[in-house]
file structure_37.pdb (PDB, C-alpha atoms)
ATOM      1  CA  MET A   1     143.973 -19.918  74.961
ATOM      2  CA  SER A   2     147.343 -19.379  76.513
ATOM      3  CA  ALA A   3     148.023 -19.997  80.177
ATOM      4  CA  LEU A   4     148.300 -16.215  80.746
ATOM      5  CA  GLY A   5     144.860 -15.662  79.191
ATOM      6  CA  GLU A   6     143.317 -18.355  81.388
ATOM      7  CA  LEU A   7     144.765 -16.685  84.478
ATOM      8  CA  ARG A   8     143.305 -13.308  83.424
ATOM      9  CA  THR A   9     139.885 -14.922  82.873
ATOM     10  CA  LEU A  10     139.964 -16.525  86.303
ATOM     11  CA  ALA A  11     141.085 -13.221  87.863
ATOM     12  CA  ARG A  12     138.125 -11.331  86.349
ATOM     13  CA  GLY A  13     135.606 -13.838  87.626
ATOM     14  CA  ARG A  14     137.140 -14.314  91.061
ATOM     15  CA  PRO A  15     135.699 -12.052  93.840
ATOM     16  CA  LYS A  16     138.190  -9.665  95.382
ATOM     17  CA  GLY A  17     139.140 -10.343  98.974
ATOM     18  CA  PRO A  18     138.131 -13.269 101.190
ATOM     19  CA  PRO A  19     134.766 -14.925 100.539
ATOM     20  CA  GLY A  20     131.838 -13.182 102.192
ATOM     21  CA  LEU A  21     133.761  -9.969 102.870
ATOM     22  CA  ARG A  22     131.425  -7.879 100.715
ATOM     23  CA  SER A  23     128.351  -9.149 102.515
ATOM     24  CA  ARG A  24     129.851  -8.524 105.974
ATOM     25  CA  LYS A  25     131.165  -5.017 105.335
ATOM     26  CA  PRO A  26     127.835  -3.119 105.354
ATOM     27  CA  ARG A  27     126.786  -4.953 108.500
ATOM     28  CA  ASN A  28     130.049  -3.991 110.220
ATOM     29  CA  GLU A  29     129.552  -0.360 109.245
ATOM     30  CA  TRP A  30     126.067  -0.324 110.758
ATOM     31  CA  VAL A  31     127.452  -1.773 113.962
ATOM     32  CA  GLY A  32     129.843   1.174 114.190
ATOM     33  CA  TYR A  33     127.027   3.651 113.622
ATOM     34  CA  LEU A  34     124.964   1.829 116.227
ATOM     35  CA  PHE A  35     127.648   2.372 118.843
ATOM     36  CA  LEU A  36     127.909   6.042 117.834
ATOM     37  CA  THR A  37     124.157   6.590 118.178
ATOM     38  CA  PRO A  38     124.130   7.489 121.925
ATOM     39  CA  TRP A  39     126.865  10.080 121.373
ATOM     40  CA  MET A  40     125.131  11.516 118.300
ATOM     41  CA  VAL A  41     121.806  11.760 120.151
ATOM     42  CA  GLY A  42     123.578  13.444 123.094
ATOM     43  CA  ILE A  43     125.475  15.966 120.973
ATOM     44  CA  LEU A  44     122.305  16.879 119.094
ATOM     45  CA  GLY A  45     119.911  16.940 122.039
ATOM     46  CA  ILE A  46     122.217  18.514 124.626
ATOM     47  CA  THR A  47     124.476  20.776 122.560
ATOM     48  CA  VAL A  48     123.502  21.508 118.944
ATOM     49  CA  ILE A  49     119.714  21.920 119.260
ATOM     50  CA  PRO A  50     119.873  24.040 122.480
ATOM     51  CA  MET A  51     122.534  26.246 120.884
ATOM     52  CA  LEU A  52     120.405  26.840 117.806
ATOM     53  CA  ALA A  53     117.384  27.511 120.029
ATOM     54  CA  SER A  54     119.330  30.045 122.098
ATOM     55  CA  LEU A  55     120.543  31.723 118.903
ATOM     56  CA  TYR A  56     116.940  32.189 117.810
ATOM     57  CA  LEU A  57     115.866  33.380 121.266
ATOM     58  CA  SER A  58     118.647  35.980 121.285
ATOM     59  CA  PHE A  59     116.717  37.856 118.582
ATOM     60  CA  THR A  60     113.433  37.708 120.477
ATOM     61  CA  ASP A  61     111.679  39.176 123.480
ATOM     62  CA  TYR A  62     111.038  36.035 125.508
ATOM     63  CA  ARG A  63     110.283  35.831 129.221
ATOM     64  CA  LEU A  64     109.711  32.569 131.041
ATOM     65  CA  THR A  65     106.921  34.066 133.135
ATOM     66  CA  ARG A  66     104.823  34.856 130.055
ATOM     67  CA  ARG A  67     102.828  32.236 128.230
ATOM     68  CA  ARG A  68     103.041  33.920 124.851
ATOM     69  CA  SER A  69     105.550  32.700 122.280
ATOM     70  CA  PRO A  70     108.835  34.567 121.682
ATOM     71  CA  ARG A  71     108.409  37.865 119.790
ATOM     72  CA  PHE A  72     111.056  38.644 117.190
ATOM     73  CA  ILE A  73     112.776  41.989 117.900
ATOM     74  CA  GLY A  74     115.919  41.749 115.761
ATOM     75  CA  LEU A  75     119.134  43.121 117.275
ATOM     76  CA  ASP A  76     117.449  44.965 120.151
ATOM     77  CA  ASN A  77     118.891  42.606 122.782
ATOM     78  CA  TYR A  78     122.417  43.151 121.475
ATOM     79  CA  GLU A  79     121.957  46.922 121.326
ATOM     80  CA  ARG A  80     120.583  46.907 124.865
ATOM     81  CA  MET A  81     123.831  45.504 126.268
ATOM     82  CA  PHE A  82     125.846  48.609 125.415
ATOM     83  CA  THR A  83     123.427  50.787 127.375
ATOM     84  CA  ASP A  84     123.169  48.386 130.316
ATOM     85  CA  ALA A  85     125.422  49.691 133.120
ATOM     86  CA  ASN A  86     125.426  46.344 134.924
ATOM     87  CA  TRP A  87     126.460  44.545 131.738
ATOM     88  CA  LEU A  88     129.371  46.937 131.296
ATOM     89  CA  ASP A  89     130.368  46.367 134.942
ATOM     90  CA  ALA A  90     130.232  42.596 134.404
ATOM     91  CA  VAL A  91     132.457  42.873 131.321
ATOM     92  CA  GLY A  92     135.018  44.962 133.212
ATOM     93  CA  VAL A  93     135.071  42.666 136.255
ATOM     94  CA  THR A  94     135.447  39.555 134.107
ATOM     95  CA  LEU A  95     138.256  41.056 132.021
ATOM     96  CA  ARG A  96     140.178  42.081 135.145
ATOM     97  CA  TYR A  97     139.686  38.624 136.584
ATOM     98  CA  VAL A  98     140.993  36.898 133.445
ATOM     99  CA  VAL A  99     143.941  39.263 132.940
ATOM    100  CA  PHE A 100     145.247  38.906 136.508
ATOM    101  CA  SER A 101     144.223  35.422 137.613
ATOM    102  CA  VAL A 102     145.350  33.352 134.623
ATOM    103  CA  PRO A 103     148.985  34.599 134.309
ATOM    104  CA  LEU A 104     149.488  34.471 138.095
ATOM    105  CA  GLN A 105     148.084  30.952 138.292
ATOM    106  CA  LEU A 106     150.282  29.728 135.441
ATOM    107  CA  ALA A 107     153.356  31.368 137.011
ATOM    108  CA  VAL A 108     152.726  29.618 140.335
ATOM    109  CA  ALA A 109     152.036  26.311 138.570
ATOM    110  CA  LEU A 110     155.243  26.551 136.523
ATOM    111  CA  GLY A 111     157.317  27.503 139.564
ATOM    112  CA  LEU A 112     156.099  24.513 141.563
ATOM    113  CA  ALA A 113     156.544  22.219 138.556
ATOM    114  CA  LEU A 114     160.178  23.343 138.287
ATOM    115  CA  LEU A 115     160.635  22.653 141.980
ATOM    116  CA  LEU A 116     159.114  19.175 141.758
ATOM    117  CA  ASP A 117     161.115  18.406 138.612
ATOM    118  CA  ARG A 118     164.312  18.523 140.669
ATOM    119  CA  GLY A 119     163.545  15.027 141.950
ATOM    120  CA  LEU A 120     162.135  15.500 145.448
ATOM    121  CA  ARG A 121     161.646  12.475 147.638
ATOM    122  CA  GLY A 122     157.977  11.498 147.817
ATOM    123  CA  LEU A 123     157.157  13.159 144.502
ATOM    124  CA  PRO A 124     153.866  11.223 143.955
ATOM    125  CA  PHE A 125     152.623  12.461 147.349
ATOM    126  CA  TYR A 126     153.402  16.107 146.542
ATOM    127  CA  ARG A 127     151.786  15.787 143.116
ATOM    128  CA  SER A 128     148.600  14.510 144.713
ATOM    129  CA  VAL A 129     148.558  17.201 147.396
ATOM    130  CA  PHE A 130     149.154  20.033 144.933
ATOM    131  CA  TYR A 131     146.571  18.654 142.511
ATOM    132  CA  LEU A 132     143.853  18.422 145.159
ATOM    133  CA  PRO A 133     142.863  22.147 145.056
ATOM    134  CA  SER A 134     142.065  21.809 141.344
ATOM    135  CA  LEU A 135     139.480  19.181 142.198
ATOM    136  CA  LEU A 136     137.916  21.249 144.974
ATOM    137  CA  GLY A 137     138.413  24.849 143.794
ATOM    138  CA  GLY A 138     135.169  25.064 141.839
ATOM    139  CA  SER A 139     133.011  23.470 144.525
ATOM    140  CA  VAL A 140     130.427  25.276 146.624
ATOM    141  CA  ALA A 141     131.984  24.001 149.867
ATOM    142  CA  VAL A 142     135.383  25.550 149.101
ATOM    143  CA  ALA A 143     133.764  28.836 148.075
ATOM    144  CA  ILE A 144     131.911  28.955 151.411
ATOM    145  CA  LEU A 145     135.124  28.156 153.251
ATOM    146  CA  TRP A 146     136.957  30.864 151.286
ATOM    147  CA  LYS A 147     134.288  33.374 152.267
ATOM    148  CA  GLN A 148     134.783  32.482 155.922
ATOM    149  CA  VAL A 149     138.573  32.648 155.721
ATOM    150  CA  PHE A 150     138.524  36.187 154.309
ATOM    151  CA  GLY A 151     135.627  37.379 156.442
ATOM    152  CA  TYR A 152     135.990  39.969 159.195
ATOM    153  CA  GLU A 153     136.586  37.280 161.834
ATOM    154  CA  GLY A 154     138.294  34.871 159.442
ATOM    155  CA  LEU A 155     141.618  33.125 159.526
ATOM    156  CA  PHE A 156     143.311  35.644 157.234
ATOM    157  CA  ASN A 157     142.609  38.535 159.615
ATOM    158  CA  ALA A 158     143.875  36.427 162.480
ATOM    159  CA  PHE A 159     147.128  35.894 160.577
ATOM    160  CA  THR A 160     147.599  39.538 159.561
ATOM    161  CA  GLY A 161     146.740  40.581 163.111
ATOM    162  CA  LEU A 162     150.000  38.983 164.266
ATOM    163  CA  PHE A 163     151.799  41.774 162.370
ATOM    164  CA  GLY A 164     149.615  44.538 163.752
ATOM    165  CA  VAL A 165     147.335  44.863 160.703
ATOM    166  CA  ALA A 166     143.804  45.962 161.557
ATOM    167  CA  PRO A 167     141.082  43.416 160.675
ATOM    168  CA  LYS A 168     139.107  44.011 157.506
ATOM    169  CA  GLY A 169     136.219  42.403 155.686
ATOM    170  CA  TRP A 170     138.116  41.367 152.576
ATOM    171  CA  VAL A 171     135.108  39.862 150.779
ATOM    172  CA  SER A 172     132.808  42.734 151.781
ATOM    173  CA  SER A 173     135.043  45.531 150.481
ATOM    174  CA  PRO A 174     134.736  46.601 146.809
ATOM    175  CA  ASP A 175     138.495  47.168 146.685
ATOM    176  CA  THR A 176     139.495  43.639 147.722
ATOM    177  CA  ALA A 177     136.540  41.321 147.013
ATOM    178  CA  LEU A 178     137.647  40.566 143.447
ATOM    179  CA  TRP A 179     141.208  39.895 144.609
ATOM    180  CA  THR A 180     139.986  37.176 146.976
ATOM    181  CA  LEU A 181     138.427  35.434 143.956
ATOM    182  CA  ILE A 182     141.644  35.890 141.981
ATOM    183  CA  LEU A 183     143.548  34.330 144.864
ATOM    184  CA  LEU A 184     141.113  31.413 144.898
ATOM    185  CA  HIS A 185     141.719  30.866 141.193
ATOM    186  CA  ILE A 186     145.491  30.955 141.710
ATOM    187  CA  TRP A 187     145.111  28.384 144.482
ATOM    188  CA  THR A 188     143.679  25.896 141.970
ATOM    189  CA  PHE A 189     147.022  25.546 140.195
ATOM    190  CA  GLY A 190     147.158  21.754 140.389
ATOM    191  CA  ALA A 191     145.974  20.812 136.893
ATOM    192  CA  PRO A 192     148.315  23.131 134.937
ATOM    193  CA  MET A 193     151.160  22.216 137.326
ATOM    194  CA  ILE A 194     150.796  18.502 136.504
ATOM    195  CA  ILE A 195     150.810  19.310 132.773
ATOM    196  CA  PHE A 196     153.887  21.530 133.185
ATOM    197  CA  LEU A 197     155.646  18.785 135.116
ATOM    198  CA  ALA A 198     154.931  16.262 132.359
ATOM    199  CA  GLY A 199     156.309  18.718 129.793
ATOM    200  CA  LEU A 200     159.480  19.328 131.820
ATOM    201  CA  ARG A 201     160.127  15.591 131.959
ATOM    202  CA  GLN A 202     160.121  15.492 128.135
ATOM    203  CA  ILE A 203     162.953  18.027 127.743
ATOM    204  CA  PRO A 204     166.238  16.152 127.028
ATOM    205  CA  ARG A 205     168.814  16.664 129.769
ATOM    206  CA  MET A 206     171.596  16.887 127.210
ATOM    207  CA  TYR A 207     170.542  20.458 126.390
ATOM    208  CA  TYR A 208     171.148  21.557 129.963
ATOM    209  CA  GLU A 209     174.443  19.658 130.124
ATOM    210  CA  ALA A 210     175.650  21.382 126.960
ATOM    211  CA  ALA A 211     174.567  24.757 128.343
ATOM    212  CA  GLU A 212     176.489  24.142 131.575
ATOM    213  CA  VAL A 213     179.599  23.304 129.555
ATOM    214  CA  ASP A 214     179.207  26.639 127.749
ATOM    215  CA  GLY A 215     178.942  28.433 131.078
ATOM    216  CA  ALA A 216     175.224  29.241 131.022
ATOM    217  CA  GLY A 217     173.657  29.884 134.434
ATOM    218  CA  ARG A 218     170.302  28.684 135.733
ATOM    219  CA  TRP A 219     168.408  31.764 134.555
ATOM    220  CA  ARG A 220     169.946  31.599 131.055
ATOM    221  CA  GLN A 221     169.088  27.886 130.841
ATOM    222  CA  PHE A 222     165.513  28.614 131.895
ATOM    223  CA  ARG A 223     165.152  31.452 129.389
ATOM    224  CA  SER A 224     166.889  29.793 126.439
ATOM    225  CA  ILE A 225     166.005  26.116 126.919
ATOM    226  CA  THR A 226     163.111  25.554 129.295
ATOM    227  CA  LEU A 227     160.751  28.279 128.107
ATOM    228  CA  PRO A 228     161.133  27.634 124.340
ATOM    229  CA  LEU A 229     160.759  23.866 124.678
ATOM    230  CA  LEU A 230     157.905  24.274 127.150
ATOM    231  CA  SER A 231     156.070  26.892 125.047
ATOM    232  CA  PRO A 232     153.578  24.370 123.519
ATOM    233  CA  ILE A 233     152.587  23.336 127.057
ATOM    234  CA  ILE A 234     152.319  26.991 128.116
ATOM    235  CA  PHE A 235     150.120  27.663 125.100
ATOM    236  CA  PHE A 236     147.896  24.682 125.911
ATOM    237  CA  ASN A 237     147.472  25.686 129.558
ATOM    238  CA  LEU A 238     146.921  29.326 128.627
ATOM    239  CA  VAL A 239     144.068  28.553 126.248
ATOM    240  CA  LEU A 240     142.342  26.184 128.687
ATOM    241  CA  GLN A 241     142.662  28.499 131.684
ATOM    242  CA  VAL A 242     141.475  31.580 129.790
ATOM    243  CA  ILE A 243     138.383  29.751 128.542
ATOM    244  CA  GLY A 244     137.663  28.513 132.066
ATOM    245  CA  ALA A 245     138.220  31.954 133.618
ATOM    246  CA  PHE A 246     135.758  33.610 131.256
ATOM    247  CA  GLN A 247     133.114  31.103 132.390
ATOM    248  CA  SER A 248     133.779  31.323 136.145
ATOM    249  CA  PHE A 249     130.545  31.343 138.101
ATOM    250  CA  THR A 250     130.369  29.273 141.297
ATOM    251  CA  GLN A 251     132.930  31.188 143.351
ATOM    252  CA  ALA A 252     131.403  34.597 142.597
ATOM    253  CA  TYR A 253     127.869  33.316 143.152
ATOM    254  CA  VAL A 254     128.630  31.876 146.594
ATOM    255  CA  ILE A 255     130.883  34.647 147.891
ATOM    256  CA  SER A 256     128.593  37.461 146.698
ATOM    257  CA  GLY A 257     125.340  35.717 147.559
ATOM    258  CA  GLY A 258     124.388  35.615 143.889
ATOM    259  CA  ALA A 259     124.194  39.408 143.607
ATOM    260  CA  GLY A 260     127.743  40.391 142.610
ATOM    261  CA  LEU A 261     128.203  42.332 145.841
ATOM    262  CA  PRO A 262     129.727  44.543 147.030
ATOM    263  CA  ALA A 263     128.993  47.291 144.484
ATOM    264  CA  ASN A 264     129.159  44.884 141.514
ATOM    265  CA  SER A 265     132.834  44.209 142.283
ATOM    266  CA  THR A 266     132.275  40.436 141.906
ATOM    267  CA  LEU A 267     129.624  40.610 139.178
ATOM    268  CA  PHE A 268     131.119  38.135 136.747
ATOM    269  CA  TYR A 269     129.672  37.949 133.242
ATOM    270  CA  SER A 270     128.288  34.453 133.784
ATOM    271  CA  LEU A 271     126.743  35.553 137.071
ATOM    272  CA  TYR A 272     124.957  38.487 135.447
ATOM    273  CA  LEU A 273     123.822  36.185 132.643
ATOM    274  CA  TYR A 274     122.360  33.866 135.271
ATOM    275  CA  GLN A 275     120.589  36.786 136.969
ATOM    276  CA  GLN A 276     118.972  37.858 133.716
ATOM    277  CA  GLY A 277     117.969  34.359 132.621
ATOM    278  CA  PHE A 278     116.858  32.770 135.888
ATOM    279  CA  GLY A 279     116.380  35.802 138.132
ATOM    280  CA  SER A 280     114.549  38.222 135.855
ATOM    281  CA  PHE A 281     113.456  35.400 133.476
ATOM    282  CA  GLN A 282     114.542  37.416 130.431
ATOM    283  CA  MET A 283     115.681  34.448 128.414
ATOM    284  CA  GLY A 284     115.948  36.391 125.163
ATOM    285  CA  TYR A 285     118.382  38.895 126.668
ATOM    286  CA  ALA A 286     120.283  36.117 128.492
ATOM    287  CA  SER A 287     120.626  34.159 125.236
ATOM    288  CA  ALA A 288     122.086  37.217 123.519
ATOM    289  CA  MET A 289     124.557  37.619 126.392
ATOM    290  CA  ALA A 290     125.519  33.954 126.088
ATOM    291  CA  TRP A 291     126.270  34.315 122.396
ATOM    292  CA  VAL A 292     128.372  37.418 122.996
ATOM    293  CA  LEU A 293     130.362  35.426 125.566
ATOM    294  CA  LEU A 294     130.776  32.539 123.116
ATOM    295  CA  LEU A 295     131.988  34.844 120.348
ATOM    296  CA  THR A 296     134.358  36.614 122.740
ATOM    297  CA  ILE A 297     135.937  33.341 123.860
ATOM    298  CA  ALA A 298     136.205  32.216 120.226
ATOM    299  CA  ALA A 299     137.857  35.516 119.239
ATOM    300  CA  VAL A 300     140.362  35.378 122.113
ATOM    301  CA  THR A 301     141.184  31.744 121.353
ATOM    302  CA  GLY A 302     141.585  32.548 117.671
ATOM    303  CA  LEU A 303     143.924  35.410 118.584
ATOM    304  CA  PHE A 304     146.058  33.026 120.637
ATOM    305  CA  PHE A 305     146.301  30.582 117.740
ATOM    306  CA  ALA A 306     147.067  33.363 115.254
ATOM    307  CA  THR A 307     149.917  34.740 117.377
ATOM    308  CA  SER A 308     151.261  31.375 118.545
ATOM    309  CA  ARG A 309     153.588  31.108 115.534
ATOM    310  CA  PHE A 310     155.577  34.036 116.928
ATOM    311  CA  TRP A 311     156.339  32.496 120.342
ATOM    312  CA  VAL A 312     155.417  28.788 120.407
ATOM    313  CA  PHE A 313     158.372  26.592 119.476
ATOM    314  CA  TYR A 314     157.932  23.066 118.086
ATOM    315  CA  GLU A 315     161.038  20.915 117.750
ATOM    316  CA  ASP A 316     159.898  19.387 114.469
TER     317      ASP A 316
END

call {"tool": "encode", "arguments": {"input": "structure_37.pdb", "output": "structure tokens"}}
result
Amino acid sequence: MSALGELRTLARGRPKGPPGLRSRKPRNEWVGYLFLTPWMVGILGITVIPMLASLYLSFTDYRLTRRRSPRFIGLDNYERMFTDANWLDAVGVTLRYVVFSVPLQLAVALGLALLLDRGLRGLPFYRSVFYLPSLLGGSVAVAILWKQVFGYEGLFNAFTGLFGVAPKGWVSSPDTALWTLILLHIWTFGAPMIIFLAGLRQIPRMYYEAAEVDGAGRWRQFRSITLPLLSPIIFFNLVLQVIGAFQSFTQAYVISGGAGLPANSTLFYSLYLYQQGFGSFQMGYASAMAWVLLLTIAAVTGLFFATSRFWVFYED
């Protein structure tokens, strides 16, 4: 046998890879699955199984105060929503809240990010101070404080009184109660501002230098350079803030006392869902409402992704 044939024979009989690798590989794979087990148990027990259960309950007449098992009623819960005046009010209030609060919040966040991007002294301090409202904005304590500030004897009336404006119960008036919640949402601009600031720091300065050489002013630079290159960050913040706004609950619950007062002007969708599920104990109807909210958020998010190719610019 030639030397080449002997080498081929040895190659066929020789195990591939280092010795013992085949015996260790399955054990290493099981170790990985072992570490994933807590996450898999959590995602199944806390997310997947409750979601499937709520999907089933949405087609049933199920009340927590009754001992009988859920009774299948088909699409009755979904049909009931369109004849429920309070549900329609909740949809309208939530849509107005999302449409006004999210763009205004992002505009304030972007404006402050542009200001901080100019290289202010003590920038880490200002970043921390501006980010703080995002940590506190969804808390019960801040909602209670907000209710006091815009109350009849609150700080806001004391300020407007300096200009001769008559005091008013801003949170107790149907015309202004929702706007106080919108203002609270705008005040929590810290998180999107930090993301905007990080995006601004990634834009090469040479683009602005070239624009200045061509005679472009600040507004033209902002419109032709900053906005296009920052559009992926705007898209990211927009999607996150819209999803969060649709699910807003704590502020409306505290300021309205859990009832959506006055005159359903602060009856957010999530608040009405809570009233039906844990106030009236109609878990079947509440589950149907939850799935409508989920599908609405998914549809809006899908619309953003479908239209992003028309206005989101990626350098690559």

call {"tool": "resolve_selection", "arguments": {"input": "structure_37.pdb", "expression": "the PyMOL selection byres ((chain A and resi 271-283) around 6)", "output": "ChimeraX atom specification"}}
result
/A:62-64,249,268-270,284-287

call {"tool": "write_last_selection", "arguments": {"input": "structure_37.pdb", "atoms": "C-alpha atoms", "output": "mmCIF file, keeping the file's coordinate frame"}}
result
data_model
loop_
_atom_site.group_PDB
_atom_site.id
_atom_site.type_symbol
_atom_site.label_atom_id
_atom_site.label_comp_id
_atom_site.auth_asym_id
_atom_site.auth_seq_id
_atom_site.Cartn_x
_atom_site.Cartn_y
_atom_site.Cartn_z
ATOM 1 C CA TYR A 62 111.038 36.035 125.508
ATOM 2 C CA ARG A 63 110.283 35.831 129.221
ATOM 3 C CA LEU A 64 109.711 32.569 131.041
ATOM 4 C CA PHE A 249 130.545 31.343 138.101
ATOM 5 C CA PHE A 268 131.119 38.135 136.747
ATOM 6 C CA TYR A 269 129.672 37.949 133.242
ATOM 7 C CA SER A 270 128.288 34.453 133.784
ATOM 8 C CA GLY A 284 115.948 36.391 125.163
ATOM 9 C CA TYR A 285 118.382 38.895 126.668
ATOM 10 C CA ALA A 286 120.283 36.117 128.492
ATOM 11 C CA SER A 287 120.626 34.159 125.236
#

call {"tool": "closest_residue", "arguments": {"input": "structure_37.pdb", "among": "A:Phe150, A:Phe305, A:Phe189, A:Trp39", "to": "Thr176 of chain A", "atoms": "all atoms listed in the file"}}
result
A:Phe150

call {"tool": "closest_residue", "arguments": {"input": "structure_37.pdb", "among": "A:Arg127, A:Leu227, A:Thr180, A:Ala143", "to": "Leu115 of chain A", "atoms": "only C-alpha atoms"}}
result
A:Arg127

call {"tool": "closest_residue", "arguments": {"input": "structure_37.pdb", "among": "A:Ile182, A:Leu267, A:Leu110, A:Leu238", "to": "Gly199 of chain A", "atoms": "all atoms listed in the file"}}
result
A:Leu110

call {"tool": "resolve_selection", "arguments": {"input": "structure_37.pdb", "expression": "the PyMOL selection byres ((chain A and resi 57) around 12)", "output": "short mmCIF file (atom, residue, chain, number, x, y, z; two decimals) with C-alpha atoms, keeping the file's coordinate frame"}}
result
data_model
loop_
_atom_site.label_atom_id
_atom_site.label_comp_id
_atom_site.auth_asym_id
_atom_site.auth_seq_id
_atom_site.Cartn_x
_atom_site.Cartn_y
_atom_site.Cartn_z
CA PRO A 50 119.87 24.04 122.48
CA MET A 51 122.53 26.25 120.88
CA LEU A 52 120.40 26.84 117.81
CA ALA A 53 117.38 27.51 120.03
CA SER A 54 119.33 30.04 122.10
CA LEU A 55 120.54 31.72 118.90
CA TYR A 56 116.94 32.19 117.81
CA SER A 58 118.65 35.98 121.28
CA PHE A 59 116.72 37.86 118.58
CA THR A 60 113.43 37.71 120.48
CA ASP A 61 111.68 39.18 123.48
CA TYR A 62 111.04 36.03 125.51
CA ARG A 63 110.28 35.83 129.22
CA LEU A 64 109.71 32.57 131.04
CA SER A 69 105.55 32.70 122.28
CA PRO A 70 108.84 34.57 121.68
CA ARG A 71 108.41 37.86 119.79
CA PHE A 72 111.06 38.64 117.19
CA ILE A 73 112.78 41.99 117.90
CA GLY A 74 115.92 41.75 115.76
CA LEU A 75 119.13 43.12 117.28
CA ASP A 76 117.45 44.96 120.15
CA ASN A 77 118.89 42.61 122.78
CA TYR A 78 122.42 43.15 121.48
CA GLY A 277 117.97 34.36 132.62
CA GLN A 282 114.54 37.42 130.43
CA MET A 283 115.68 34.45 128.41
CA GLY A 284 115.95 36.39 125.16
CA TYR A 285 118.38 38.90 126.67
CA ALA A 286 120.28 36.12 128.49
CA SER A 287 120.63 34.16 125.24
CA ALA A 288 122.09 37.22 123.52
CA MET A 289 124.56 37.62 126.39
CA ALA A 290 125.52 33.95 126.09
CA TRP A 291 126.27 34.32 122.40
#

call {"tool": "resolve_selection", "arguments": {"input": "structure_37.pdb", "expression": "the PyMOL selection byres ((chain A and resi 201) around 12)", "output": "number ranges by chain"}}
result
A: 113-114, 116-119, 194-200, 202-205, 226, 229-230, 233

call {"tool": "atom_distance", "arguments": {"input": "structure_37.pdb", "atom1": "atom CA of Phe130 of chain A", "atom2": "atom CA of Pro192 of chain A"}}
result
10.5 Å

call {"tool": "atom_distance", "arguments": {"input": "structure_37.pdb", "atom1": "atom CA of Gly257 of chain A", "atom2": "atom CA of Trp170 of chain A"}}
result
14.8 Å

call {"tool": "atom_distance", "arguments": {"input": "structure_37.pdb", "atom1": "atom CA of Ala263 of chain A", "atom2": "atom CA of Pro174 of chain A"}}
result
6.2 Å

call {"tool": "closest_residue", "arguments": {"input": "structure_37.pdb", "among": "A:Ala298, A:Ile225, A:Leu178, A:Val171", "to": "Gly151 of chain A", "atoms": "only C-alpha atoms"}}
result
A:Val171

call {"tool": "axis_aligned_box", "arguments": {"input": "structure_37.pdb", "around": "segment 38-46 of chain A", "padding_each_side": "6 Å", "output": "JSON"}}
result
{"center_x": 123.4, "center_y": 13.0, "center_z": 121.5, "size_x": 19.0, "size_y": 23.0, "size_z": 18.3}

call {"tool": "residues_around", "arguments": {"input": "structure_37.pdb", "residues": "Thr250 of chain A", "least_positions_apart": "3", "cutoff": "7 Å", "atoms": "all atoms listed in the file", "output": "PyMOL selection string"}}
result
chain A and resi 138+140+253-254

call {"tool": "closest_residue", "arguments": {"input": "structure_37.pdb", "among": "A:Gly190, A:Ile243, A:Ser265, A:Ala210", "to": "Leu295 of chain A", "atoms": "only C-alpha atoms"}}
result
A:Ile243

call {"tool": "residues_around", "arguments": {"input": "structure_37.pdb", "residues": "Ile255 of chain A", "least_positions_apart": "4", "cutoff": "9 Å", "atoms": "all atoms listed in the file", "output": "number ranges by chain"}}
result
A: 143-144, 146-147, 171, 177, 181, 250-251, 260-261, 266

call {"tool": "write_last_selection", "arguments": {"input": "structure_37.pdb", "atoms": "C-alpha atoms", "output": "JSON list (two decimals), in the coordinates of the input"}}
result
[["chain", "number", "residue", "atom", "x", "y", "z"],
["A", 143, "ALA", "CA", 133.76, 28.84, 148.07],
["A", 144, "ILE", "CA", 131.91, 28.96, 151.41],
["A", 146, "TRP", "CA", 136.96, 30.86, 151.29],
["A", 147, "LYS", "CA", 134.29, 33.37, 152.27],
["A", 171, "VAL", "CA", 135.11, 39.86, 150.78],
["A", 177, "ALA", "CA", 136.54, 41.32, 147.01],
["A", 181, "LEU", "CA", 138.43, 35.43, 143.96],
["A", 250, "THR", "CA", 130.37, 29.27, 141.30],
["A", 251, "GLN", "CA", 132.93, 31.19, 143.35],
["A", 260, "GLY", "CA", 127.74, 40.39, 142.61],
["A", 261, "LEU", "CA", 128.20, 42.33, 145.84],
["A", 266, "THR", "CA", 132.28, 40.44, 141.91]]

call {"tool": "closest_residue", "arguments": {"input": "structure_37.pdb", "among": "A:Ala158, A:Ala252, A:Leu104, A:Ala259", "to": "Ile186 of chain A", "atoms": "all atoms listed in the file"}}
result
A:Leu104

call {"tool": "residues_around", "arguments": {"input": "structure_37.pdb", "residues": "Val239 of chain A", "least_positions_apart": "6", "cutoff": "9 Å", "atoms": "only C-alpha atoms", "output": "list in words"}}
result
Val300, Thr301 and Phe304 of chain A

call {"tool": "build_atoms", "arguments": {"input": "structure_37.pdb", "residues": "segment 236-240 of chain A", "atoms": "N, CA and C atoms", "output": "PDB file, in the coordinates of the input"}}
result
ATOM      1  N   PHE A 236     149.030  25.557 125.609  1.00  0.00           N
ATOM      2  CA  PHE A 236     147.896  24.682 125.911  1.00  0.00           C
ATOM      3  C   PHE A 236     147.229  25.093 127.227  1.00  0.00           C
ATOM      4  N   ASN A 237     148.026  25.279 128.269  1.00  0.00           N
ATOM      5  CA  ASN A 237     147.472  25.686 129.558  1.00  0.00           C
ATOM      6  C   ASN A 237     146.831  27.067 129.488  1.00  0.00           C
ATOM      7  N   LEU A 238     147.447  27.967 128.739  1.00  0.00           N
ATOM      8  CA  LEU A 238     146.921  29.326 128.627  1.00  0.00           C
ATOM      9  C   LEU A 238     145.528  29.330 128.004  1.00  0.00           C
ATOM     10  N   VAL A 239     145.363  28.591 126.924  1.00  0.00           N
ATOM     11  CA  VAL A 239     144.068  28.553 126.248  1.00  0.00           C
ATOM     12  C   VAL A 239     143.002  27.958 127.166  1.00  0.00           C
ATOM     13  N   LEU A 240     143.325  26.833 127.817  1.00  0.00           N
ATOM     14  CA  LEU A 240     142.342  26.184 128.687  1.00  0.00           C
ATOM     15  C   LEU A 240     141.962  27.072 129.866  1.00  0.00           C
TER      16      LEU A 240
END
